[in-house]
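Text of model-v2.cif, listed as mmCIF, C-alpha atoms:
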```
data_my_file
loop_
_atom_site.label_atom_id
_atom_site.label_comp_id
_atom_site.auth_asym_id
_atom_site.auth_seq_id
_atom_site.Cartn_x
_atom_site.Cartn_y
_atom_site.Cartn_z
CA GLN D 633 -73.60 -39.72 55.66
CA GLN D 634 -70.67 -38.72 53.51
CA GLN D 635 -68.77 -37.60 56.56
CA GLN D 636 -69.44 -40.93 58.28
CA GLN D 637 -68.32 -42.81 55.19
CA GLN D 638 -65.11 -40.75 55.03
CA GLN D 639 -64.44 -41.45 58.70
CA ARG D 640 -64.92 -45.18 58.12
CA GLN D 641 -62.57 -45.09 55.15
CA GLN D 642 -59.96 -43.24 57.20
CA GLN D 643 -60.29 -45.79 60.01
CA GLN D 644 -59.94 -48.64 57.53
CA GLN D 645 -56.88 -47.02 55.99
CA GLN D 646 -55.33 -46.54 59.42
CA GLN D 647 -56.02 -50.19 60.24
CA GLN D 648 -54.45 -51.25 56.96
CA GLN D 649 -51.39 -49.13 57.63
CA GLN D 650 -51.12 -50.62 61.11
CA SER D 651 -51.43 -54.07 59.56
CA ALA D 652 -48.68 -53.25 57.15
CA LYS D 653 -46.48 -51.87 59.92
CA ALA D 654 -47.00 -54.94 62.08
CA GLY D 655 -45.92 -57.10 59.17
CA PRO D 656 -43.69 -60.12 59.58
CA HIS D 657 -41.43 -58.34 62.01
CA GLN D 658 -43.97 -58.73 64.79
CA SER D 659 -46.52 -61.29 63.74
CA ALA D 660 -44.80 -64.01 61.74
CA PRO D 661 -42.89 -65.70 64.56
CA GLY D 662 -45.98 -65.78 66.78
CA GLY D 663 -48.20 -67.11 64.04
CA GLY D 664 -50.73 -64.29 64.17
CA ALA D 665 -52.13 -62.44 61.24
CA ALA D 666 -50.96 -59.05 60.11
CA SER D 667 -53.22 -57.07 62.39
CA GLY D 668 -54.74 -57.36 65.81
CA GLY D 669 -58.06 -58.35 64.23
CA GLY D 670 -56.36 -61.32 62.65
CA ALA D 671 -58.11 -63.96 60.66
CA ARG D 672 -61.11 -64.72 62.81
CA GLY D 673 -63.36 -67.08 61.03
CA GLY D 674 -64.15 -67.26 57.44
CA ASN D 675 -62.46 -66.32 54.31
CA GLY D 676 -62.54 -69.71 52.79
CA ALA D 677 -60.05 -70.98 55.34
CA GLY D 678 -62.28 -73.67 56.72
CA ALA D 679 -64.86 -71.63 58.58
CA SER D 680 -68.27 -70.69 57.31
CA GLY D 681 -69.26 -67.10 56.72
CA GLY D 682 -68.46 -66.31 53.11
CA SER D 683 -66.53 -63.10 52.91
CA SER D 684 -65.73 -61.20 49.76
CA THR D 685 -62.08 -62.14 50.14
CA SER D 686 -62.74 -65.80 49.36
CA ALA D 687 -63.38 -64.87 45.73
CA LEU D 688 -60.06 -63.69 44.39
CA PRO D 689 -59.39 -62.12 41.01
CA ALA D 690 -58.55 -64.67 38.31
CA LYS D 691 -54.76 -64.38 38.50
CA ALA D 692 -54.57 -64.22 42.29
CA HIS D 693 -53.90 -67.23 44.49
CA TRP D 694 -53.73 -67.72 48.23
CA PRO D 695 -50.32 -68.44 49.78
CA SER D 696 -49.77 -72.12 50.57
CA ASN D 697 -48.20 -71.37 53.96
CA PRO D 698 -50.96 -71.24 56.65
CA LYS D 699 -49.44 -68.14 58.26
CA GLY D 700 -49.14 -66.53 54.85
CA ARG D 701 -52.74 -67.41 54.13
CA ARG D 702 -53.96 -65.74 57.35
CA ILE D 703 -51.91 -62.64 56.60
CA ALA D 704 -53.10 -62.58 52.98
CA GLU D 705 -56.72 -62.89 54.11
CA THR D 706 -56.29 -59.92 56.41
CA LEU D 707 -54.61 -57.88 53.69
CA ALA D 708 -57.28 -58.84 51.15
CA ARG D 709 -60.03 -57.91 53.62
CA ASP D 710 -58.36 -54.54 54.24
CA MET D 711 -57.92 -53.97 50.52
CA GLN D 712 -61.55 -54.87 49.84
CA GLY D 713 -62.62 -52.36 52.49
CA THR D 714 -60.58 -49.54 50.97
CA ARG D 715 -61.09 -50.39 47.32
CA ASN D 716 -63.52 -47.50 46.91
CA ALA D 717 -61.07 -44.98 48.40
CA GLY D 718 -59.25 -42.50 46.22
CA ILE D 719 -56.50 -43.77 43.97
CA GLU D 720 -53.78 -41.93 45.91
CA GLN D 721 -54.86 -43.52 49.18
CA ARG D 722 -54.90 -46.93 47.54
CA ARG D 723 -51.46 -46.40 46.00
CA GLN D 724 -50.02 -45.35 49.35
CA ALA D 725 -51.59 -48.29 51.16
CA PHE D 726 -50.44 -50.75 48.50
CA LYS D 727 -46.91 -49.39 48.50
CA ALA D 728 -46.74 -49.57 52.30
CA ALA D 729 -47.93 -53.18 52.29
CA CYS D 730 -45.45 -54.15 49.56
CA LEU D 731 -42.56 -52.47 51.35
CA THR D 732 -43.52 -54.19 54.58
CA TRP D 733 -43.75 -57.63 52.99
CA HIS D 734 -40.84 -57.37 50.55
CA PRO D 735 -38.55 -60.39 51.05
CA ASP D 736 -35.43 -58.22 51.11
CA LYS D 737 -36.85 -56.36 54.10
CA ASN D 738 -37.53 -59.63 55.93
CA PRO D 739 -34.49 -61.89 55.63
CA THR D 740 -35.45 -63.90 58.71
CA HIS D 741 -38.88 -64.68 57.25
CA ALA D 742 -37.99 -64.65 53.56
CA GLU D 743 -40.25 -67.52 52.51
CA LEU D 744 -43.30 -66.12 54.26
CA ALA D 745 -42.59 -62.60 53.03
CA THR D 746 -42.14 -63.90 49.47
CA GLU D 747 -45.52 -65.63 49.49
CA VAL D 748 -47.31 -62.59 50.91
CA PHE D 749 -45.48 -60.23 48.56
CA GLN D 750 -46.39 -62.37 45.55
CA PHE D 751 -50.00 -62.43 46.75
CA LEU D 752 -50.00 -58.63 46.96
CA GLN D 753 -48.54 -58.38 43.46
CA SER D 754 -51.28 -60.66 42.13
CA LEU D 755 -53.88 -58.20 43.49
CA LYS D 756 -52.19 -55.05 42.20
CA ALA D 757 -54.28 -54.51 39.07
CA TRP D 758 -57.51 -55.44 40.85
CA TYR D 759 -56.83 -53.03 43.70
CA LEU D 760 -55.32 -50.09 41.87
CA ASP D 761 -57.51 -50.22 38.76
CA ALA D 762 -60.80 -50.33 40.72
CA GLN D 763 -63.21 -47.84 39.20
CA SER D 764 -66.16 -48.20 41.55
#
```
Encoding of this model in structure tokens:
Amino acid sequence: QQQQQQQRQQQQQQQQQQSAKAGPHQSAPGGGAASGGGARGGNGAGASGGSSTSALPAKAHWPSNPKGRRIAETLARDMQGTRNAGIEQRRQAFKAACLTWHPDKNPTHAELATEVFQFLQSLKAWYLDAQS
């Protein structure tokens, strides 16, 4: 069981890294979310199916841009899935996502990148300080 759980965590981390790599460079102009799985259904975005990402930490807020919201939902879902991973894995994943969505790295999509980056920053303590 532990081995299966580790494999799932590795798959989730790989998906998160792929999401981070896809970033605004590939998905923002087309309107898709950060990963191939995209925002399919519910995270409080109008569809039913309450996911854990609809309840954000107190200081976090969803981006107002609809594309940013879809990307943020995907990132939050990925972060929720890897929140129980080791701290080093979480730090690496968080850093990769922040570097991908930093506005200076995305001058053609600066507004979108700013919203997503600010969203990531609002989840930093929640994600990196997770003890469970």
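Take CA of Phe726 in chain D and CA of Ala708 in chain D: the distance between them is 10.9 Å.
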Restricting the calculation to all atoms listed in the file, which member of D:Ala704, D:Ala742, D:Leu731, D:Ala690 is positioned closest to Ala757 in chain D?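 Using all atoms listed in the file, the shortest distance to Ala757 in chain D belongs to D:Ala690.
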Evaluate the PyMOL selection byres ((chain D and resi 732-737) around 6) and record the selected residues as number ranges by chain, following the chain and residue labels used in the document. D: 652, 655, 729-731, 738-739, 742, 745-746, 749
Rounded to one decimal in Å, what is the spacing between CA of His741 in chain D and CA of Ser696 in chain D?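 Between CA of His741 in chain D and CA of Ser696 in chain D the gap works out to 14.8 Å.
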Quick one: everything within 9 Å of Ser754 in chain D, counting only C-alpha atoms, minus sequence neighbours fewer than 5 positions away in the same chain. Send it as number ranges by chain. D: 689, 691-693, 749
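The nearest approach to Gln753 in chain D among the residues D:Gln634, D:Arg640, D:Asp710, D:Lys727, with all atoms listed in the file taken into account, belongs to D:Lys727.
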Closest of D:Gly713, D:Gly718, D:Pro695, D:Gly700 to Asp761 in chain D, counting all atoms listed in the file, is D:Gly718
Please measure the separation of CA of Arg722 in chain D and CA of Tyr759 in chain D, giving the value in Å to one decimal.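 Taking CA of Arg722 in chain D and CA of Tyr759 in chain D, their separation equals 7.5 Å.
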With distances taken over only C-alpha atoms, which of D:Leu760, D:Leu755, D:Asn697, D:Gln750 is nearest to Glu720 in chain D? D:Leu760
